[in-house]
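**Student:** You'll find my_file.cif just under this line, and it carries mmCIF, C-alpha atoms.
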```cif
data_my_file
#
loop_
_atom_site.label_atom_id
_atom_site.label_comp_id
_atom_site.auth_asym_id
_atom_site.auth_seq_id
_atom_site.Cartn_x
_atom_site.Cartn_y
_atom_site.Cartn_z
CA MET A 1104 102.54 134.49 130.91
CA THR A 1105 101.95 131.85 128.24
CA VAL A 1106 105.05 130.55 126.48
CA GLN A 1107 104.43 129.41 122.91
CA THR A 1108 106.62 126.42 122.03
CA THR A 1109 108.02 126.24 118.52
CA LEU A 1110 109.11 122.90 117.12
CA SER A 1111 112.17 122.27 114.96
CA THR A 1112 109.87 122.41 111.95
CA GLY A 1113 109.01 126.01 112.79
CA GLU A 1114 105.47 125.02 113.77
CA THR A 1115 103.67 125.28 117.07
CA PRO A 1116 102.40 121.94 118.47
CA GLN A 1117 98.86 122.92 117.46
CA GLU A 1118 99.98 123.75 113.92
CA ARG A 1119 101.77 120.42 113.67
CA TYR A 1120 98.66 118.63 114.94
CA GLU A 1121 96.46 120.32 112.35
CA ARG A 1122 98.95 119.59 109.56
CA LEU A 1123 99.20 115.91 110.44
CA LYS A 1124 95.42 115.67 110.70
CA SER A 1125 95.06 117.26 107.27
CA GLU A 1126 97.61 114.86 105.77
CA GLY A 1127 96.01 111.88 107.50
CA ASN A 1128 92.65 112.76 106.00
CA GLY A 1129 94.13 113.25 102.56
CA ASP A 1130 93.31 116.96 102.58
CA GLY A 1131 95.26 119.06 100.14
CA GLY A 1132 95.13 116.20 97.67
CA ASP A 1133 92.32 114.47 95.85
CA PHE A 1134 91.57 111.69 98.35
CA ALA A 1135 88.13 113.00 99.34
CA ALA A 1136 87.06 113.38 95.72
CA ARG A 1137 88.42 109.97 94.75
CA GLN A 1138 86.77 108.36 97.76
CA SER A 1139 83.41 109.97 96.98
CA ALA A 1140 83.63 108.74 93.39
CA ALA A 1141 84.58 105.22 94.50
CA ARG A 1142 81.75 104.97 97.03
CA VAL A 1143 79.03 105.45 94.40
CA GLN A 1144 80.39 102.77 92.08
CA PRO A 1145 78.28 99.63 91.65
CA VAL A 1146 79.31 96.42 93.36
CA PRO A 1147 82.26 95.04 91.37
CA ALA A 1148 81.64 91.79 89.54
CA ILE A 1149 83.63 88.75 90.67
CA GLU A 1150 84.77 86.46 87.89
CA ALA A 1151 83.52 82.91 88.46
CA SER A 1152 87.03 81.56 87.90
CA SER A 1153 88.31 83.78 90.74
CA VAL A 1154 85.94 82.41 93.39
CA ILE A 1155 87.64 80.25 96.01
CA PHE A 1156 84.42 79.47 97.85
CA ASP A 1157 80.99 80.82 98.76
CA ASP A 1158 79.63 80.45 102.24
CA PHE A 1159 76.55 81.26 104.29
CA VAL A 1160 76.45 82.54 107.88
CA PRO A 1161 73.13 82.14 109.72
CA SER A 1162 71.66 84.72 112.06
CA LYS A 1163 73.69 84.74 115.30
CA GLY A 1164 76.24 82.44 113.73
CA TYR A 1165 79.92 82.95 112.97
CA TRP A 1166 82.50 82.29 110.25
CA HIS A 1167 86.25 81.87 110.28
CA GLY A 1168 88.78 81.34 107.52
CA ARG A 1169 92.25 82.04 106.20
CA LEU A 1170 93.08 84.48 103.45
CA LYS A 1171 96.25 84.67 101.41
CA ARG A 1172 97.84 88.04 100.67
CA GLY A 1173 95.91 89.42 97.72
CA ASP A 1174 92.71 87.45 98.39
CA GLY A 1175 89.40 89.28 98.53
CA LEU A 1176 86.58 88.70 100.98
CA ARG A 1177 83.07 89.87 100.13
CA ILE A 1178 80.48 90.16 102.90
CA VAL A 1179 76.86 90.71 101.91
CA ALA A 1180 74.37 91.62 104.63
CA GLU A 1181 70.61 91.95 104.26
CA SER A 1182 70.29 94.12 107.37
CA ALA A 1183 72.28 96.88 109.06
CA THR A 1184 72.70 95.25 112.45
CA GLY A 1185 76.48 94.92 112.34
CA VAL A 1186 79.01 92.25 111.37
CA ALA A 1187 81.96 92.14 113.77
CA ALA A 1188 85.39 91.13 112.45
CA CYS A 1189 88.79 90.30 113.92
CA PHE A 1190 92.04 89.78 112.00
CA TRP A 1191 95.40 88.16 112.80
CA ARG A 1192 98.53 87.66 110.72
CA SER A 1193 98.39 83.91 110.17
CA ASP A 1194 102.12 83.14 110.34
CA GLU A 1195 102.70 85.36 113.39
CA THR A 1196 99.47 85.61 115.34
CA SER A 1197 100.89 88.01 117.93
CA GLU A 1198 100.31 90.63 115.21
CA ARG A 1199 96.63 91.53 115.05
CA PHE A 1200 94.20 94.23 114.05
CA ASN A 1201 94.51 97.41 116.10
CA PRO A 1202 91.42 99.68 115.90
CA GLY A 1203 93.08 102.43 117.97
CA ASP A 1204 96.02 102.83 115.59
CA THR A 1205 93.71 102.44 112.59
CA ILE A 1206 91.68 105.43 113.78
CA LYS A 1207 94.65 107.49 114.97
CA VAL A 1208 96.74 107.11 111.83
CA GLN A 1209 93.86 107.97 109.49
CA TRP A 1210 92.28 110.60 111.77
CA THR A 1211 88.83 109.11 111.41
CA SER A 1212 86.72 106.35 112.94
CA GLU A 1213 84.68 105.99 109.75
CA MET A 1214 86.29 103.04 108.01
CA THR A 1215 84.81 102.73 104.56
CA THR A 1216 85.93 102.57 100.91
CA GLY A 1217 89.58 103.50 100.51
CA ARG A 1218 90.51 103.11 104.16
CA VAL A 1219 93.04 100.66 105.62
CA LEU A 1220 92.89 98.45 108.71
CA LEU A 1221 96.24 98.49 110.52
CA SER A 1222 97.93 95.94 112.73
CA ASP A 1223 99.55 96.68 116.08
CA MET A 1224 102.88 96.68 114.23
CA GLY A 1225 101.92 99.61 112.03
CA ARG A 1226 101.37 97.48 108.95
CA ALA A 1227 98.46 97.45 106.52
CA MET A 1228 96.43 94.29 107.13
CA VAL A 1229 93.25 94.88 105.12
CA SER A 1230 92.06 97.36 102.51
CA ILE A 1231 88.37 98.23 102.18
CA THR A 1232 87.96 98.29 98.41
CA HIS A 1233 84.17 98.62 98.27
CA ASP A 1234 81.58 99.57 100.87
CA ASP A 1235 78.13 100.64 99.70
CA PHE A 1236 76.79 100.96 103.26
CA GLY A 1237 79.51 103.43 104.13
CA ARG A 1238 79.54 103.09 107.92
CA SER A 1239 81.45 100.88 110.32
CA ASP A 1240 82.37 101.01 113.99
CA CYS A 1241 85.77 100.60 115.67
CA LEU A 1242 84.70 101.99 119.05
CA ALA A 1243 81.81 100.15 120.70
CA GLY A 1244 83.13 96.60 120.52
CA VAL A 1245 81.18 93.37 120.18
CA SER A 1246 78.09 91.97 121.90
CA LEU A 1247 78.67 90.16 125.19
CA PRO A 1248 76.99 87.05 126.61
CA GLY A 1249 73.51 87.72 127.95
CA PRO A 1250 69.77 87.27 127.41
CA ALA A 1251 69.68 89.91 124.65
CA ASP A 1252 71.68 87.62 122.39
CA GLY A 1253 69.95 84.39 123.36
CA GLY A 1254 72.64 83.04 125.66
CA ASP A 1255 76.43 82.73 125.77
CA TRP A 1256 76.95 80.88 122.53
CA GLN A 1257 75.17 83.49 120.39
CA SER A 1258 77.10 86.60 121.47
CA GLY A 1259 79.86 88.10 119.36
CA ARG A 1260 82.37 87.67 122.16
CA GLU A 1261 81.65 83.94 122.38
CA HIS A 1262 81.85 83.62 118.61
CA PHE A 1263 85.33 85.15 118.64
CA LEU A 1264 86.50 82.89 121.45
CA ARG A 1265 85.15 79.69 119.86
CA ALA A 1266 86.57 80.47 116.43
CA ALA A 1267 89.90 81.56 117.95
CA LEU A 1268 90.30 78.16 119.60
CA LYS A 1269 89.70 76.48 116.24
CA ASN A 1270 92.63 78.45 114.81
CA GLY A 1271 95.13 77.72 117.56
CA LEU A 1272 94.45 80.99 119.38
CA SER A 1273 93.24 81.60 122.92
CA LYS A 1274 91.28 84.11 124.98
CA ARG A 1275 94.34 86.34 125.35
CA ASP A 1276 94.55 86.69 121.55
CA VAL A 1277 91.04 88.12 121.14
CA GLY A 1278 91.17 91.90 121.18
CA PRO A 1279 89.07 94.79 119.85
CA CYS A 1280 87.25 94.46 116.55
CA ILE A 1281 85.62 96.39 113.73
CA SER A 1282 81.89 96.08 113.00
CA PHE A 1283 80.79 96.61 109.42
CA PHE A 1284 77.28 97.84 108.53
CA SER A 1285 77.14 99.69 111.88
CA PRO A 1286 76.02 103.35 111.85
CA VAL A 1287 77.61 104.39 115.14
CA SER A 1288 78.28 108.11 115.65
CA VAL A 1289 79.78 110.23 118.41
CA ASP A 1290 78.02 113.32 119.74
CA SER A 1291 79.67 116.54 120.93
CA GLY A 1292 79.91 115.13 124.45
CA GLY A 1293 81.81 112.05 123.30
CA ARG A 1294 78.86 109.70 123.71
CA LEU A 1295 78.24 106.93 121.20
CA TYR A 1296 74.83 106.49 119.62
CA TRP A 1297 73.25 104.37 116.90
CA GLU A 1298 72.28 106.67 114.04
CA ASP A 1299 69.06 105.69 112.29
CA GLN A 1300 69.43 105.35 108.54
CA ASN A 1301 68.18 103.20 105.70
CA SER A 1302 68.57 99.60 106.87
CA SER A 1303 67.08 97.86 103.85
CA GLY A 1304 69.77 95.72 102.21
CA PRO A 1305 71.50 94.07 100.65
CA PHE A 1306 74.72 95.86 101.57
CA THR A 1307 78.17 94.79 100.40
CA VAL A 1308 81.68 95.33 101.73
CA ASP A 1309 84.74 94.02 99.88
CA LEU A 1310 88.02 93.51 101.73
CA ARG A 1311 91.48 92.80 100.30
CA ALA A 1312 94.00 90.95 102.44
CA GLU A 1313 97.36 92.75 102.50
CA MET A 1314 99.03 89.89 104.37
CA ASP A 1315 98.19 86.26 105.09
CA LEU A 1316 95.34 86.41 107.57
CA ILE A 1317 93.11 84.55 109.98
CA VAL A 1318 89.67 86.16 109.85
CA ILE A 1319 86.71 85.72 112.21
CA LEU A 1320 83.26 87.18 111.53
CA SER A 1321 80.37 87.29 113.99
CA ASN A 1322 76.80 87.70 112.76
CA SER A 1323 75.40 88.65 116.16
CA ALA A 1324 73.80 92.08 116.36
CA HIS A 1325 76.00 95.04 117.28
CA PRO A 1326 75.62 95.84 121.01
CA MET A 1327 73.98 99.20 120.15
CA SER A 1328 71.69 97.94 117.38
CA PRO A 1329 67.97 98.22 118.21
CA ASP A 1330 67.36 95.13 116.05
CA ARG A 1331 68.61 92.02 117.86
CA GLU A 1332 67.81 89.60 115.01
CA PRO A 1333 70.35 89.94 112.19
CA LEU A 1334 69.57 88.34 108.85
CA PRO A 1335 71.92 85.72 107.33
CA LEU A 1336 75.16 86.74 105.61
CA ALA A 1337 76.72 85.67 102.33
CA VAL A 1338 80.52 85.39 102.35
CA THR A 1339 82.70 84.92 99.26
CA GLN A 1340 86.45 84.44 99.24
CA PHE A 1341 88.04 85.19 95.87
CA ARG A 1342 91.29 86.03 94.15
CA ALA A 1343 91.19 89.81 93.94
CA PRO A 1344 92.84 91.64 91.06
CA PRO A 1345 96.25 93.16 91.92
CA ALA A 1346 96.13 96.69 93.29
CA ALA A 1347 96.49 99.33 90.58
CA THR A 1348 99.29 101.89 90.83
CA ASP A 1349 96.71 104.51 91.84
CA ASP A 1350 94.85 102.21 94.25
CA LEU A 1351 92.89 104.47 96.62
CA ALA A 1352 93.78 102.59 99.81
CA ARG A 1353 97.47 102.45 98.95
CA THR A 1354 97.91 106.01 97.70
CA GLY A 1355 95.18 108.06 99.36
CA THR A 1356 96.98 109.38 102.45
CA VAL A 1357 100.54 109.79 103.71
CA GLU A 1358 100.07 107.56 106.74
CA ALA A 1359 98.40 104.80 104.74
CA ARG A 1360 101.34 104.78 102.32
CA ARG A 1361 103.70 104.30 105.26
CA ALA A 1362 101.63 101.37 106.51
CA PHE A 1363 101.82 99.73 103.09
CA GLU A 1364 105.57 100.32 102.92
CA ASN A 1365 105.89 98.46 106.22
CA THR A 1366 103.80 95.56 104.91
CA ASP A 1367 105.56 95.38 101.55
CA ALA A 1368 108.93 95.30 103.29
CA LEU A 1369 107.77 92.29 105.29
CA PHE A 1370 106.97 90.47 102.04
CA GLY A 1371 110.10 91.54 100.20
CA ASP A 1372 108.21 94.35 98.42
CA ARG A 1373 105.84 91.88 96.77
CA LYS A 1374 102.39 93.40 96.47
CA ARG A 1375 100.70 90.00 96.46
CA LEU A 1376 101.63 86.38 96.65
CA SER A 1377 100.80 83.97 93.85
#
```
Can you turn what I pasted into C-alpha cells?

**Tutor:**
Amino acid sequence: MTVQTTLSTGETPQERYERLKSEGNGDGGDFAARQSAARVQPVPAIEASSVIFDDFVPSKGYWHGRLKRGDGLRIVAESATGVAACFWRSDETSERFNPGDTIKVQWTSEMTTGRVLLSDMGRAMVSITHDDFGRSDCLAGVSLPGPADGGDWQSGREHFLRAALKNGLSKRDVGPCISFFSPVSVDSGGRLYWEDQNSSGPFTVDLRAEMDLIVILSNSAHPMSPDREPLPLAVTQFRAPPAATDDLARTGTVEARRAFENTDALFGDRKRLS
C-alpha cells in the first residue's frame, strides 16, 4: 500500500516541488514575457563618460580584473565557441560563484538575460542584464590541458589557475564556472551535447556586479565546441546605471529576490556603492 505524505502546507511533496519550480521560473507572473521582451532589445549604448577601460583578449588568452558593486562588464565575442568565467567576492574570496545553486534556485541551466549568478552563500553575485546570444553553460566546465588547446598554457583550466595566482588565490580556490556563448543542451537521457546554431557574431553579454568581485575570463574554446580556434574578445568595464525598481533580475522570481535580499543585507541595503 502506498502512503501519500502530506506536508504542513497541505501539499504532497510532488505538489510542493511543482509549486517551487513554477515560482523559481517566474510562472504565474510576467517574468517569461518580460524576459522575452528584454532579449530582443538592441545592445544598450554605454556612455563614453561611464567607461572605466576597454580591453582586448586574444584567441586562447585570458583576462582578469576587479569590479566594484554596480560596475558593468561587457563581453563581445565574434564567435560562439564559449567564454568561461569565474567570480569571487573580492573582500572575502572564500565566497565564490556556485553554478549548482544558481541552477537549482532558478530551476534552469539556461543563464541569459534576467537571470542571476549566485554565490555559495546564497547571495546574488552577478546579474545578466543583456545577452543577445541567449545561451550559456553551467554544466560542462572548462577546457583542460591537452593537445586540442595547444598545450597547458592555452587551456581554460590553466588560464584560471594563472589568473587566480595573480589575485592572491590558489588552486583550491578555482571551482566550477559558467561559459557564455555556449549552446550546450541536455537530451532526454541526461547527456550533454553542443547544439548547432548561428555562430556568426558579434554577440554581446552585459553583466552587472552585485558585490565587489574578482573576475577571470578564459577565451579558450569550450570543451564541447567543434571549433577549437576562438576569435578575439572585446571587454569593457563601465559604471552601469543603478538597477530600476522593476529590474528584471532583481524582481523576476521569488528565489532571485531572496538572493538579492541576502546581498543587500551584506552591504547595509545599499543597492550599489559610489

**Student:** Find the residues near segment 1357-1360 of chain A: any atom within 12 Å, counting only C-alpha atoms, skip ones fewer than 3 places away on the same chain, and give them as a VMD selection string.

**Tutor:** chain A and resid 1122 to 1132 1134 1204 to 1210 1217 to 1222 1225 to 1230 1349 to 1354 1363 to 1367

**Student:** Can you write just those residues out, C-alpha atoms, as a PDB file, in the frame of the given file?

**Tutor:**
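Dumped to part-v4.pdb:
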```
ATOM      1  CA  ARG A1122      98.950 119.590 109.560  1.00  0.00           C
ATOM      2  CA  LEU A1123      99.200 115.910 110.440  1.00  0.00           C
ATOM      3  CA  LYS A1124      95.420 115.670 110.700  1.00  0.00           C
ATOM      4  CA  SER A1125      95.060 117.260 107.270  1.00  0.00           C
ATOM      5  CA  GLU A1126      97.610 114.860 105.770  1.00  0.00           C
ATOM      6  CA  GLY A1127      96.010 111.880 107.500  1.00  0.00           C
ATOM      7  CA  ASN A1128      92.650 112.760 106.000  1.00  0.00           C
ATOM      8  CA  GLY A1129      94.130 113.250 102.560  1.00  0.00           C
ATOM      9  CA  ASP A1130      93.310 116.960 102.580  1.00  0.00           C
ATOM     10  CA  GLY A1131      95.260 119.060 100.140  1.00  0.00           C
ATOM     11  CA  GLY A1132      95.130 116.200  97.670  1.00  0.00           C
ATOM     12  CA  PHE A1134      91.570 111.690  98.350  1.00  0.00           C
ATOM     13  CA  ASP A1204      96.020 102.830 115.590  1.00  0.00           C
ATOM     14  CA  THR A1205      93.710 102.440 112.590  1.00  0.00           C
ATOM     15  CA  ILE A1206      91.680 105.430 113.780  1.00  0.00           C
ATOM     16  CA  LYS A1207      94.650 107.490 114.970  1.00  0.00           C
ATOM     17  CA  VAL A1208      96.740 107.110 111.830  1.00  0.00           C
ATOM     18  CA  GLN A1209      93.860 107.970 109.490  1.00  0.00           C
ATOM     19  CA  TRP A1210      92.280 110.600 111.770  1.00  0.00           C
ATOM     20  CA  GLY A1217      89.580 103.500 100.510  1.00  0.00           C
ATOM     21  CA  ARG A1218      90.510 103.110 104.160  1.00  0.00           C
ATOM     22  CA  VAL A1219      93.040 100.660 105.620  1.00  0.00           C
ATOM     23  CA  LEU A1220      92.890  98.450 108.710  1.00  0.00           C
ATOM     24  CA  LEU A1221      96.240  98.490 110.520  1.00  0.00           C
ATOM     25  CA  SER A1222      97.930  95.940 112.730  1.00  0.00           C
ATOM     26  CA  GLY A1225     101.920  99.610 112.030  1.00  0.00           C
ATOM     27  CA  ARG A1226     101.370  97.480 108.950  1.00  0.00           C
ATOM     28  CA  ALA A1227      98.460  97.450 106.520  1.00  0.00           C
ATOM     29  CA  MET A1228      96.430  94.290 107.130  1.00  0.00           C
ATOM     30  CA  VAL A1229      93.250  94.880 105.120  1.00  0.00           C
ATOM     31  CA  SER A1230      92.060  97.360 102.510  1.00  0.00           C
ATOM     32  CA  ASP A1349      96.710 104.510  91.840  1.00  0.00           C
ATOM     33  CA  ASP A1350      94.850 102.210  94.250  1.00  0.00           C
ATOM     34  CA  LEU A1351      92.890 104.470  96.620  1.00  0.00           C
ATOM     35  CA  ALA A1352      93.780 102.590  99.810  1.00  0.00           C
ATOM     36  CA  ARG A1353      97.470 102.450  98.950  1.00  0.00           C
ATOM     37  CA  THR A1354      97.910 106.010  97.700  1.00  0.00           C
ATOM     38  CA  PHE A1363     101.820  99.730 103.090  1.00  0.00           C
ATOM     39  CA  GLU A1364     105.570 100.320 102.920  1.00  0.00           C
ATOM     40  CA  ASN A1365     105.890  98.460 106.220  1.00  0.00           C
ATOM     41  CA  THR A1366     103.800  95.560 104.910  1.00  0.00           C
ATOM     42  CA  ASP A1367     105.560  95.380 101.550  1.00  0.00           C
TER      43      ASP A1367
END
```

**Student:** Segment 1268-1274 of chain A: which residues within 9 Å, counting only C-alpha atoms, same-chain residues fewer than 6 positions away excluded, as a list in words?

**Tutor:**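 Listing them by chain and then by number gives His1167, Gly1168, Thr1196 and Ile1317 of chain A.
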
**Student:** Next, the residues of the selection above should be written as a short mmCIF file (atom, residue, chain, number, x, y, z; two decimals), keeping the file's coordinate frame with C-alpha atoms.

**Tutor:**
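Generated output (result07.cif):
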```cif
data_model
loop_
_atom_site.label_atom_id
_atom_site.label_comp_id
_atom_site.auth_asym_id
_atom_site.auth_seq_id
_atom_site.Cartn_x
_atom_site.Cartn_y
_atom_site.Cartn_z
CA HIS A 1167 86.25 81.87 110.28
CA GLY A 1168 88.78 81.34 107.52
CA THR A 1196 99.47 85.61 115.34
CA ILE A 1317 93.11 84.55 109.98
#
```

**Student:** Hey, can you check how far atom CA of Thr1112 of chain A sits from atom CA of Asp1133 of chain A?

**Tutor:**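 Result for atom CA of Thr1112 of chain A versus atom CA of Asp1133 of chain A: 25.1 Å, one decimal.
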
**Student:** Could you expand the PyMOL selection byres ((chain A and resi 1261) around 12) into the explicit residues it covers here, written as a PyMOL selection string?

**Tutor:** chain A and resi 1163-1165+1187+1245-1249+1252-1260+1262-1268+1273-1274+1277+1319-1323

**Student:** Can I get the selected residues back with C-alpha atoms, as a short mmCIF file (atom, residue, chain, number, x, y, z; two decimals), in the frame of the given file?

**Tutor:**
```cif
data_model
loop_
_atom_site.label_atom_id
_atom_site.label_comp_id
_atom_site.auth_asym_id
_atom_site.auth_seq_id
_atom_site.Cartn_x
_atom_site.Cartn_y
_atom_site.Cartn_z
CA LYS A 1163 73.69 84.74 115.30
CA GLY A 1164 76.24 82.44 113.73
CA TYR A 1165 79.92 82.95 112.97
CA ALA A 1187 81.96 92.14 113.77
CA VAL A 1245 81.18 93.37 120.18
CA SER A 1246 78.09 91.97 121.90
CA LEU A 1247 78.67 90.16 125.19
CA PRO A 1248 76.99 87.05 126.61
CA GLY A 1249 73.51 87.72 127.95
CA ASP A 1252 71.68 87.62 122.39
CA GLY A 1253 69.95 84.39 123.36
CA GLY A 1254 72.64 83.04 125.66
CA ASP A 1255 76.43 82.73 125.77
CA TRP A 1256 76.95 80.88 122.53
CA GLN A 1257 75.17 83.49 120.39
CA SER A 1258 77.10 86.60 121.47
CA GLY A 1259 79.86 88.10 119.36
CA ARG A 1260 82.37 87.67 122.16
CA HIS A 1262 81.85 83.62 118.61
CA PHE A 1263 85.33 85.15 118.64
CA LEU A 1264 86.50 82.89 121.45
CA ARG A 1265 85.15 79.69 119.86
CA ALA A 1266 86.57 80.47 116.43
CA ALA A 1267 89.90 81.56 117.95
CA LEU A 1268 90.30 78.16 119.60
CA SER A 1273 93.24 81.60 122.92
CA LYS A 1274 91.28 84.11 124.98
CA VAL A 1277 91.04 88.12 121.14
CA ILE A 1319 86.71 85.72 112.21
CA LEU A 1320 83.26 87.18 111.53
CA SER A 1321 80.37 87.29 113.99
CA ASN A 1322 76.80 87.70 112.76
CA SER A 1323 75.40 88.65 116.16
#
```

**Student:** When the PyMOL selection byres ((chain A and resi 1171-1182) around 6) is applied to the structure above, which residues does it catch, written out as a PyMOL selection string?

**Tutor:** chain A and resi 1170+1183-1184+1302+1304-1315+1334+1336-1343+1375-1376
